[in-house]
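Quick look at query27.txt (compact mmCIF, C-alpha atoms):
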# COMPACT_ATOMS: atom_id res chain seq x y z
CA MET A 274 18.03 42.14 -37.83
CA ASN A 275 19.68 41.47 -34.47
CA PHE A 276 22.84 43.34 -35.51
CA LEU A 277 20.87 46.46 -36.45
CA GLU A 278 18.51 46.22 -33.45
CA PHE A 279 21.32 46.80 -30.99
CA PHE A 280 23.44 48.95 -33.32
CA VAL A 281 20.64 51.53 -33.01
CA TRP A 282 20.99 51.51 -29.22
CA GLY A 283 24.78 51.33 -29.08
CA ALA A 284 25.09 54.46 -31.24
CA TRP A 285 23.94 56.70 -28.38
CA LEU A 286 23.30 54.80 -25.14
CA ILE A 287 26.83 55.07 -23.73
CA SER A 288 27.99 58.35 -25.31
CA LEU A 289 24.84 60.48 -24.97
CA GLY A 290 25.79 61.49 -21.42
CA ASP A 291 29.02 62.99 -22.81
CA TYR A 292 27.03 65.02 -25.32
CA MET A 293 24.51 66.23 -22.75
CA PHE A 294 27.12 67.22 -20.15
CA ASN A 295 29.69 68.86 -22.41
CA VAL A 296 27.72 70.25 -25.36
CA LEU A 297 24.18 70.81 -24.11
CA HIS A 298 25.46 71.63 -20.59
CA PHE A 299 22.75 69.70 -18.78
CA ASP A 300 23.30 69.01 -15.07
CA GLY A 301 23.41 65.56 -13.46
CA ARG A 302 19.71 65.52 -12.62
CA GLN A 303 18.80 66.38 -16.20
CA VAL A 304 21.16 63.76 -17.66
CA GLY A 305 19.73 61.19 -15.26
CA SER A 306 16.20 62.17 -16.26
CA VAL A 307 16.92 61.67 -19.96
CA TYR A 308 18.34 58.22 -19.30
CA GLY A 309 15.30 57.58 -17.13
CA THR A 310 13.07 57.87 -20.20
CA MET A 311 14.00 54.25 -20.94
CA GLY A 312 12.60 53.25 -17.57
CA VAL A 313 9.40 55.23 -18.09
CA ALA A 314 8.93 53.68 -21.53
CA SER A 315 9.63 50.17 -20.22
CA ILE A 316 6.77 50.50 -17.76
CA PHE A 317 4.17 51.09 -20.45
CA THR A 318 4.86 50.51 -24.13
CA PRO A 319 6.45 47.02 -24.39
CA ALA A 320 3.27 45.42 -23.03
CA LEU A 321 1.00 47.62 -25.15
CA PHE A 322 2.84 46.94 -28.41
CA GLY A 323 3.03 43.28 -27.45
CA ILE A 324 -0.78 43.21 -27.33
CA VAL A 325 -0.94 44.82 -30.78
CA ALA A 326 1.47 42.22 -32.23
CA ASP A 327 -0.34 39.35 -30.50
CA ARG A 328 -3.83 40.31 -31.57
CA TRP A 329 -4.01 42.69 -34.51
CA ILE A 330 -0.90 43.49 -36.61
CA ASN A 331 1.97 41.28 -37.80
CA ALA A 332 4.88 41.44 -35.37
CA GLU A 333 7.44 42.29 -38.08
CA ARG A 334 5.29 45.26 -39.18
CA VAL A 335 4.98 46.57 -35.62
CA LEU A 336 8.76 46.20 -35.32
CA GLY A 337 9.29 48.15 -38.55
CA LEU A 338 6.89 50.96 -37.65
CA CYS A 339 8.42 51.37 -34.20
CA HIS A 340 11.92 51.72 -35.62
CA ILE A 341 10.89 54.23 -38.28
CA ILE A 342 9.09 56.43 -35.75
CA GLY A 343 11.94 56.04 -33.26
CA ALA A 344 14.42 57.15 -35.95
CA ALA A 345 12.36 60.28 -36.56
CA MET A 346 12.46 61.08 -32.84
CA LEU A 347 16.28 60.73 -32.77
CA ILE A 348 16.58 63.11 -35.72
CA TRP A 349 14.35 65.60 -33.91
CA ALA A 350 16.41 65.26 -30.72
CA SER A 351 19.61 65.97 -32.67
CA THR A 352 18.31 69.48 -33.47
CA LEU A 353 17.45 70.41 -29.88
CA SER A 354 19.39 72.13 -27.10
CA ASN A 355 16.51 72.96 -24.74
CA PHE A 356 16.27 70.38 -21.96
CA GLY A 357 12.47 70.19 -21.92
CA LEU A 358 12.15 69.54 -25.66
CA PHE A 359 15.15 67.20 -25.70
CA TYR A 360 13.60 65.18 -22.87
CA ILE A 361 10.29 64.90 -24.75
CA ALA A 362 12.04 63.81 -27.97
CA MET A 363 14.06 61.10 -26.18
CA LEU A 364 10.99 60.01 -24.21
CA PHE A 365 9.02 59.47 -27.42
CA ASN A 366 12.01 57.72 -28.99
CA CYS A 367 12.10 55.31 -26.05
CA PHE A 368 8.34 54.81 -26.21
CA PHE A 369 8.90 53.30 -29.64
CA PHE A 370 12.38 51.79 -29.25
CA MET A 371 12.04 49.86 -25.98
CA PRO A 372 9.21 47.61 -27.30
CA THR A 373 11.43 46.61 -30.24
CA ILE A 374 13.77 44.64 -27.96
CA ALA A 375 11.00 42.14 -27.17
CA LEU A 376 9.56 42.36 -30.69
CA ASN A 377 12.98 41.54 -32.15
CA ALA A 378 13.08 38.36 -30.08
CA THR A 379 9.48 37.49 -30.96
CA VAL A 380 10.07 37.87 -34.70
CA SER A 381 13.28 35.83 -34.41
CA TYR A 382 11.50 32.98 -32.61
CA ILE A 383 8.60 32.86 -35.08
CA ILE A 384 10.85 32.84 -38.15
CA LEU A 385 13.15 30.18 -36.68
CA VAL A 386 10.21 27.93 -35.78
CA LYS A 387 8.74 28.37 -39.27
CA GLY A 388 12.09 27.38 -40.70
CA GLY A 389 12.23 24.22 -38.64
CA PHE A 390 15.09 25.39 -36.43
CA ASN A 391 15.60 24.65 -32.73
CA VAL A 392 15.10 28.03 -31.04
CA VAL A 393 17.05 27.18 -27.86
CA LYS A 394 20.00 25.90 -29.89
CA ASP A 395 19.97 28.27 -32.86
CA PHE A 396 18.86 31.63 -31.45
CA PRO A 397 21.76 32.39 -29.03
CA PRO A 398 24.42 32.44 -31.80
CA ILE A 399 22.14 34.79 -33.76
CA ARG A 400 21.53 37.00 -30.75
CA VAL A 401 25.27 37.37 -30.18
CA TRP A 402 25.26 39.52 -33.32
CA GLY A 403 23.16 42.01 -31.37
CA THR A 404 26.04 42.55 -28.96
CA VAL A 405 28.42 42.74 -31.94
CA GLY A 406 26.18 45.45 -33.41
CA PHE A 407 26.16 47.37 -30.13
CA VAL A 408 29.97 47.32 -29.93
CA CYS A 409 30.36 48.27 -33.60
CA ALA A 410 28.09 51.28 -33.12
CA MET A 411 30.13 52.42 -30.12
CA TRP A 412 33.32 52.10 -32.17
CA VAL A 413 31.88 54.02 -35.13
CA VAL A 414 30.82 56.93 -32.91
CA ASP A 415 34.13 56.91 -31.03
CA LEU A 416 36.47 56.62 -34.02
CA CYS A 417 34.54 59.30 -35.93
CA GLY A 418 34.85 61.67 -32.96
CA TRP A 419 31.10 61.94 -32.45
CA LYS A 420 30.90 61.21 -28.68
CA GLN A 421 30.11 64.86 -28.04
CA SER A 422 28.18 65.45 -31.24
CA PRO A 423 24.54 65.11 -32.33
CA TYR A 424 25.86 62.93 -35.17
CA GLN A 425 25.63 59.95 -32.81
CA LEU A 426 21.86 60.40 -32.94
CA TYR A 427 21.98 60.49 -36.75
CA VAL A 428 23.92 57.20 -36.73
CA GLY A 429 21.26 55.60 -34.53
CA ALA A 430 18.47 57.08 -36.67
CA ALA A 431 20.03 55.81 -39.91
CA ALA A 432 20.33 52.27 -38.51
CA GLY A 433 16.78 52.46 -37.14
CA LEU A 434 15.39 53.61 -40.48
CA ALA A 435 17.27 50.84 -42.30
CA LEU A 436 15.94 48.21 -39.91
CA GLY A 437 12.45 49.68 -40.07
CA ILE A 438 12.39 49.27 -43.85
CA TYR A 439 14.07 45.86 -43.74
CA ALA A 440 11.51 44.57 -41.23
CA PHE A 441 8.77 44.86 -43.85
CA THR A 442 10.68 42.38 -46.05
CA LEU A 443 10.78 39.67 -43.36
CA PRO A 444 8.51 36.59 -43.43
CA ALA A 445 5.04 37.34 -42.09
CA CYS A 446 4.61 36.85 -38.33
CA PHE A 447 0.82 36.74 -38.07
CA PRO A 448 -1.13 37.50 -34.89
CA VAL A 449 -2.45 34.42 -33.11
CA ARG A 450 -6.20 34.64 -33.41
CA SER A 451 -7.12 31.14 -32.27
CA GLY A 452 -8.17 30.33 -28.73
CA PRO A 453 -9.52 32.71 -26.09
CA LYS A 454 -8.20 36.23 -26.22
CA PRO A 455 -6.26 37.28 -23.12
CA THR A 456 -7.76 40.03 -21.06
CA LEU A 457 -6.10 43.43 -21.00
CA TYR A 458 -5.30 42.74 -17.33
CA ALA A 459 -3.40 39.57 -18.27
CA SER A 460 -1.76 41.06 -21.35
CA LEU A 461 -0.25 43.86 -19.29
CA GLY A 462 1.25 41.29 -16.95
CA LEU A 463 -0.82 42.46 -13.99
CA ASP A 464 -1.86 38.91 -13.13
CA ALA A 465 1.78 38.23 -12.21
CA PHE A 466 1.48 40.53 -9.19
CA VAL A 467 0.03 37.53 -7.36
CA LEU A 468 3.68 36.49 -6.95
CA PHE A 469 4.08 39.27 -4.41
CA LYS A 470 2.09 37.12 -1.98
CA LYS A 471 5.18 34.88 -1.66
CA MET A 472 7.76 36.49 0.61
CA LYS A 473 10.77 35.23 -1.34
CA MET A 474 9.31 36.56 -4.59
CA LEU A 475 8.48 39.89 -3.00
CA ILE A 476 12.08 40.18 -1.79
CA PHE A 477 13.44 39.06 -5.16
CA PHE A 478 11.45 41.65 -7.11
CA LEU A 479 12.42 44.36 -4.62
CA PHE A 480 16.10 43.58 -5.21
CA SER A 481 15.42 43.46 -8.95
CA MET A 482 14.29 47.06 -8.71
CA LEU A 483 17.28 48.05 -6.55
CA LEU A 484 19.74 46.41 -8.96
CA GLY A 485 18.00 48.17 -11.85
CA PHE A 486 19.45 51.33 -10.27
CA ALA A 487 22.99 50.08 -10.86
CA LEU A 488 22.66 49.39 -14.57
CA GLN A 489 21.38 52.84 -15.45
CA ILE A 490 24.00 54.51 -13.24
CA SER A 491 26.63 52.77 -15.34
CA ASN A 492 24.95 53.62 -18.66
CA ALA A 493 24.46 57.29 -17.84
CA PHE A 494 27.74 58.27 -16.21
CA ALA A 495 30.56 55.92 -17.30
CA SER A 496 31.40 57.88 -20.45
CA PRO A 497 31.15 61.41 -18.93
CA PHE A 498 33.35 60.21 -16.04
CA ILE A 499 36.20 59.10 -18.31
CA SER A 500 35.83 62.10 -20.64
CA ASP A 501 36.15 64.47 -17.68
CA PHE A 502 39.80 63.49 -17.31
CA LYS A 503 40.52 65.71 -20.30
CA ARG A 504 40.41 68.59 -17.82
CA ILE A 505 43.65 67.24 -16.31
CA PRO A 506 46.63 67.94 -18.62
CA GLU A 507 48.48 64.69 -17.84
CA TYR A 508 45.45 62.63 -18.95
CA ALA A 509 44.05 64.82 -21.74
CA GLN A 510 45.77 62.94 -24.57
CA SER A 511 45.57 59.46 -23.05
CA PHE A 512 44.01 56.64 -25.06
CA GLY A 513 41.10 56.22 -22.64
CA VAL A 514 40.09 59.89 -22.86
CA ARG A 515 40.48 60.10 -26.64
CA HIS A 516 38.64 56.80 -27.21
CA THR A 517 36.14 56.50 -24.39
CA GLY A 518 33.82 54.35 -26.51
CA LEU A 519 36.53 51.81 -27.31
CA LEU A 520 37.45 51.51 -23.63
CA ILE A 521 33.86 51.12 -22.46
CA SER A 522 33.12 48.59 -25.21
CA VAL A 523 35.28 46.14 -23.23
CA SER A 524 32.21 45.93 -20.95
CA GLN A 525 30.04 44.60 -23.76
CA ILE A 526 32.76 42.20 -24.92
CA SER A 527 33.06 40.93 -21.34
CA GLU A 528 29.30 40.53 -21.20
CA THR A 529 29.41 38.21 -24.21
CA LEU A 530 32.14 36.09 -22.63
CA PHE A 531 30.49 35.82 -19.20
CA ILE A 532 27.33 34.49 -20.82
CA LEU A 533 29.26 31.32 -21.65
CA THR A 534 30.19 30.75 -17.98
CA ILE A 535 26.67 31.02 -16.57
CA PRO A 536 25.68 27.33 -16.91
CA PHE A 537 28.75 26.28 -14.91
CA PHE A 538 28.20 28.83 -12.16
CA LEU A 539 24.50 28.02 -11.85
CA ARG A 540 25.16 24.28 -11.55
CA ARG A 541 28.01 24.76 -9.09
CA PHE A 542 26.76 27.57 -6.86
CA GLY A 543 23.01 28.03 -7.45
CA ILE A 544 20.91 31.06 -8.25
CA LYS A 545 21.25 32.78 -4.87
CA ARG A 546 25.04 32.79 -4.91
CA VAL A 547 25.21 33.75 -8.58
CA ILE A 548 22.99 36.78 -7.90
CA LEU A 549 25.21 37.62 -4.91
CA MET A 550 28.24 37.46 -7.21
CA SER A 551 26.48 39.92 -9.50
CA ILE A 552 25.85 42.35 -6.63
CA PHE A 553 29.48 42.30 -5.51
CA ALA A 554 30.57 42.67 -9.13
CA TRP A 555 28.68 45.97 -9.09
CA VAL A 556 30.63 46.93 -5.96
CA PHE A 557 33.87 46.33 -7.85
CA ARG A 558 32.54 48.00 -11.02
CA PHE A 559 31.91 51.26 -9.15
CA GLY A 560 34.83 50.99 -6.71
CA LEU A 561 37.38 50.41 -9.49
CA PHE A 562 35.99 53.45 -11.30
CA GLY A 563 36.52 55.40 -8.07
CA ILE A 564 40.25 54.61 -7.88
CA GLY A 565 41.00 54.39 -11.60
CA ASN A 566 42.28 56.92 -14.10
CA PRO A 567 43.35 56.82 -17.78
CA GLY A 568 47.05 56.94 -16.80
CA THR A 569 48.66 54.72 -14.18
CA GLY A 570 45.17 53.75 -13.03
CA LEU A 571 44.12 52.40 -16.45
CA PRO A 572 44.28 48.75 -15.27
CA PHE A 573 41.60 49.58 -12.68
CA LEU A 574 39.34 50.99 -15.40
CA VAL A 575 39.88 47.92 -17.59
CA LEU A 576 39.12 45.61 -14.64
CA SER A 577 35.93 47.60 -14.05
CA MET A 578 34.90 46.97 -17.66
CA ILE A 579 35.62 43.25 -17.29
CA VAL A 580 33.60 42.75 -14.09
CA TYR A 581 30.66 44.50 -15.76
CA GLY A 582 30.02 41.29 -17.71
CA MET A 583 29.48 39.40 -14.47
CA ALA A 584 27.50 42.25 -12.89
CA PHE A 585 25.06 42.47 -15.78
CA ASP A 586 24.71 38.88 -16.97
CA PHE A 587 24.72 37.01 -13.68
CA PHE A 588 21.72 38.89 -12.34
CA ASN A 589 19.67 39.24 -15.52
CA ILE A 590 19.95 35.65 -16.69
CA SER A 591 19.86 33.92 -13.32
CA GLY A 592 17.02 36.20 -12.26
CA SER A 593 15.03 35.31 -15.35
CA LEU A 594 15.63 31.61 -14.64
CA PHE A 595 14.47 32.02 -11.06
CA VAL A 596 11.24 33.66 -12.21
CA GLU A 597 10.71 30.92 -14.81
CA ARG A 598 10.97 28.19 -12.18
CA GLU A 599 8.95 29.87 -9.47
CA ALA A 600 6.01 31.24 -11.47
CA ASP A 601 2.97 29.18 -12.33
CA ILE A 602 3.03 28.09 -15.98
CA LYS A 603 -0.13 30.16 -16.65
CA ILE A 604 1.62 33.41 -15.72
CA ARG A 605 5.23 32.74 -16.74
CA ALA A 606 5.19 35.26 -19.57
CA SER A 607 3.58 37.85 -17.32
CA ALA A 608 6.08 37.09 -14.58
CA GLN A 609 8.98 37.72 -16.97
CA GLY A 610 7.30 40.98 -17.91
CA LEU A 611 7.08 41.90 -14.25
CA PHE A 612 10.78 41.12 -13.82
CA MET A 613 11.60 43.50 -16.68
CA LEU A 614 9.23 46.10 -15.28
CA MET A 615 11.03 46.10 -11.93
CA THR A 616 14.56 46.21 -13.41
CA ASN A 617 14.34 48.17 -16.68
CA GLY A 618 11.23 50.10 -15.73
CA ILE A 619 10.81 51.29 -12.15
CA GLY A 620 14.38 50.48 -11.07
CA ALA A 621 15.99 52.15 -14.06
CA TRP A 622 13.87 55.29 -13.74
CA LEU A 623 14.48 55.73 -10.03
CA GLY A 624 18.17 54.91 -10.45
CA THR A 625 18.83 57.55 -13.08
CA PHE A 626 16.87 60.21 -11.18
CA LEU A 627 18.49 59.58 -7.80
CA SER A 628 21.99 59.08 -9.23
CA GLY A 629 21.64 62.42 -11.00
CA LEU A 630 21.04 64.05 -7.63
CA VAL A 631 24.19 62.40 -6.26
CA VAL A 632 26.26 63.66 -9.20
CA ASP A 633 24.92 67.20 -8.75
CA HIS A 634 25.66 67.08 -5.01
CA TYR A 635 29.32 66.35 -5.75
CA THR A 636 29.60 68.96 -8.52
CA ASP A 637 31.14 72.35 -7.78
CA ASN A 638 31.33 74.99 -10.53
CA GLY A 639 31.01 72.34 -13.21
CA VAL A 640 33.76 70.13 -11.73
CA ARG A 641 32.56 66.71 -10.61
CA ASP A 642 34.18 64.80 -7.74
CA TRP A 643 33.98 61.43 -9.46
CA HIS A 644 35.91 59.59 -6.76
CA SER A 645 33.26 60.43 -4.15
CA ILE A 646 30.44 59.79 -6.63
CA TRP A 647 31.62 56.28 -7.51
CA MET A 648 32.38 55.41 -3.90
CA ILE A 649 28.81 56.36 -2.95
CA PHE A 650 27.51 54.05 -5.68
CA ALA A 651 29.90 51.28 -4.57
CA ALA A 652 28.72 51.66 -0.97
CA TYR A 653 25.12 51.39 -2.17
CA ALA A 654 25.87 48.10 -3.94
CA LEU A 655 27.81 46.86 -0.91
CA VAL A 656 24.81 47.42 1.35
CA LEU A 657 22.67 45.40 -1.08
CA GLY A 658 25.29 42.64 -1.03
CA ILE A 659 25.22 42.47 2.76
CA ILE A 660 21.43 42.48 3.09
CA PHE A 661 20.55 40.16 0.19
CA PRO A 662 21.83 36.83 1.59
CA LEU A 663 20.26 37.60 4.96
CA VAL A 664 16.74 38.15 3.69
CA PHE A 665 16.53 36.05 0.50
CA ARG A 666 15.80 32.39 1.22
CA TYR A 667 16.38 29.91 -1.57
CA LYS A 668 17.88 26.43 -1.38
CA HIS A 669 20.09 25.35 -4.25
CA ASP A 670 19.48 21.99 -5.89
CA PRO A 671 22.71 20.95 -7.69
CA LYS A 672 20.65 18.80 -10.07
CA GLU A 673 18.83 21.79 -11.53
CA ALA A 674 19.59 22.33 -15.20
CA ALA A 675 21.41 25.51 -16.06
CA ALA A 676 19.62 28.26 -17.93
CA PRO A 677 20.07 28.57 -21.71
CA SER A 678 22.76 31.04 -22.67
CA VAL A 679 20.99 34.18 -23.86
CA SER A 680 22.02 37.84 -23.94
CA HIS A 681 20.24 41.14 -23.27
Exercise: express the given structure as structure tokens:
Amino acid sequence: MNFLEFFVWGAWLISLGDYMFNVLHFDGRQVGSVYGTMGVASIFTPALFGIVADRWINAERVLGLCHIIGAAMLIWASTLSNFGLFYIAMLFNCFFFMPTIALNATVSYIILVKGGFNVVKDFPPIRVWGTVGFVCAMWVVDLCGWKQSPYQLYVGAAAGLALGIYAFTLPACFPVRSGPKPTLYASLGLDAFVLFKKMKMLIFFLFSMLLGFALQISNAFASPFISDFKRIPEYAQSFGVRHTGLLISVSQISETLFILTIPFFLRRFGIKRVILMSIFAWVFRFGLFGIGNPGTGLPFLVLSMIVYGMAFDFFNISGSLFVEREADIKIRASAQGLFMLMTNGIGAWLGTFLSGLVVDHYTDNGVRDWHSIWMIFAAYALVLGIIFPLVFRYKHDPKEAAAPSVSH
């Protein structure tokens, strides 16, 4: 289940920008807008489908239905070349796919508990297969030459349909009908907004949104950036250009490895410094892209892929731990939802829209000045890295237990 869950996403998330730029001939703003559909969907549907699974329909059935409908939307998108219709198709796909990330975890937890397993101990090794699935999907699309083809959407749709059907064979994950029903206000996570009354939490969630920019910038434009080197004869037949997906998959492999280091870094340096490391890792991620190329500059690109693991994991996991420890036990689930809303929702949507404008600004007659583009993004992350330690107040207690090792 975990393998297929992220295989669906890996089939198109990294390579879709290539397809939109080079086949559909969308501009940077349009590409950013399509990637922003994930942010729009993350604002609304995960909470709504969570309510459905909590109160009315078995979680595994909601998971299955979402994947089947999402697969249909990907198939529809594969037939489209008009930006408006393509945007709508991908928006509806994300409306149904984004909730499955949380539903996948929910179903996993319920089944493990029913089986008498220790969730904290036994789930992380299972979840690692999600990252394996993501990487495998990237490799399939790359090795089959489908980075600039609608076939990548068919691959995602096929995996989604398979998982949708398989979900109906899983053990029943019944809604919890005992006890008082949560209000719609609480179910949507709105009660967690009380955290904004604390200055440190207000600042933390603001930076969560600003760092959400960085992730979607990387998702949307990493592959088109490397593929654009095919315009330069000396790089056109280089390994990185011919196998963009394989090169970028180093980022996901790095992510898996950095997860294992998080307990050490949290114990040694504390949440504030670990988040700061994440911010500066984004500076290096973008800056190394700015000076790298698939030829003599290939080591810079590989280093950029490696630091991505720190950039992604150190903020997401340490940030989740910070929210867990600071929120009242009555609103912890809502607080985690708010954290995701700020990063994968509002932050991701704004990031893809604004980054698209930057890409268009540095595009002349279809030729993109990637060096300037990446340096602008690196400067943005650098400003965050300078401001964050000055405004975020949090004292590290070396005795605090490290967070469990989990992945996205």
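Atom pair atom CA of A:Leu364 / atom CA of A:Ile619 has a distance of 14.9 Å (rounded to one decimal).
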- In terms of the shortest atom-to-atom distance over all atoms listed in the file, which of A:Pro536, A:Pro567, A:Gly437, A:Gly624 is closest to A:Val304?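 Using all atoms listed in the file, A:Val304 sits closest to A:Gly624.
Between atom CA of A:Leu519 and atom CA of A:Thr373 lies a distance of 25.8 Å.
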- Message: For a quick check of understanding, using only C-alpha atoms, which of A:Tyr581, A:His644, A:Ile383, A:Gly518 has the smallest distance to A:Gly565?
- Response: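 Going through A:Tyr581, A:His644, A:Ile383, A:Gly518 one by one, the smallest distance to A:Gly565 is for A:His644.
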- Note on the structure: Shortest contact to A:Phe587, candidates A:Glu507, A:Ile548, A:Asp601, A:Leu614, atoms counted all atoms listed in the file, goes to A:Ile548
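Atom pair atom CA of A:Leu286 / atom CA of A:Ala493: separated by 7.8 Å.
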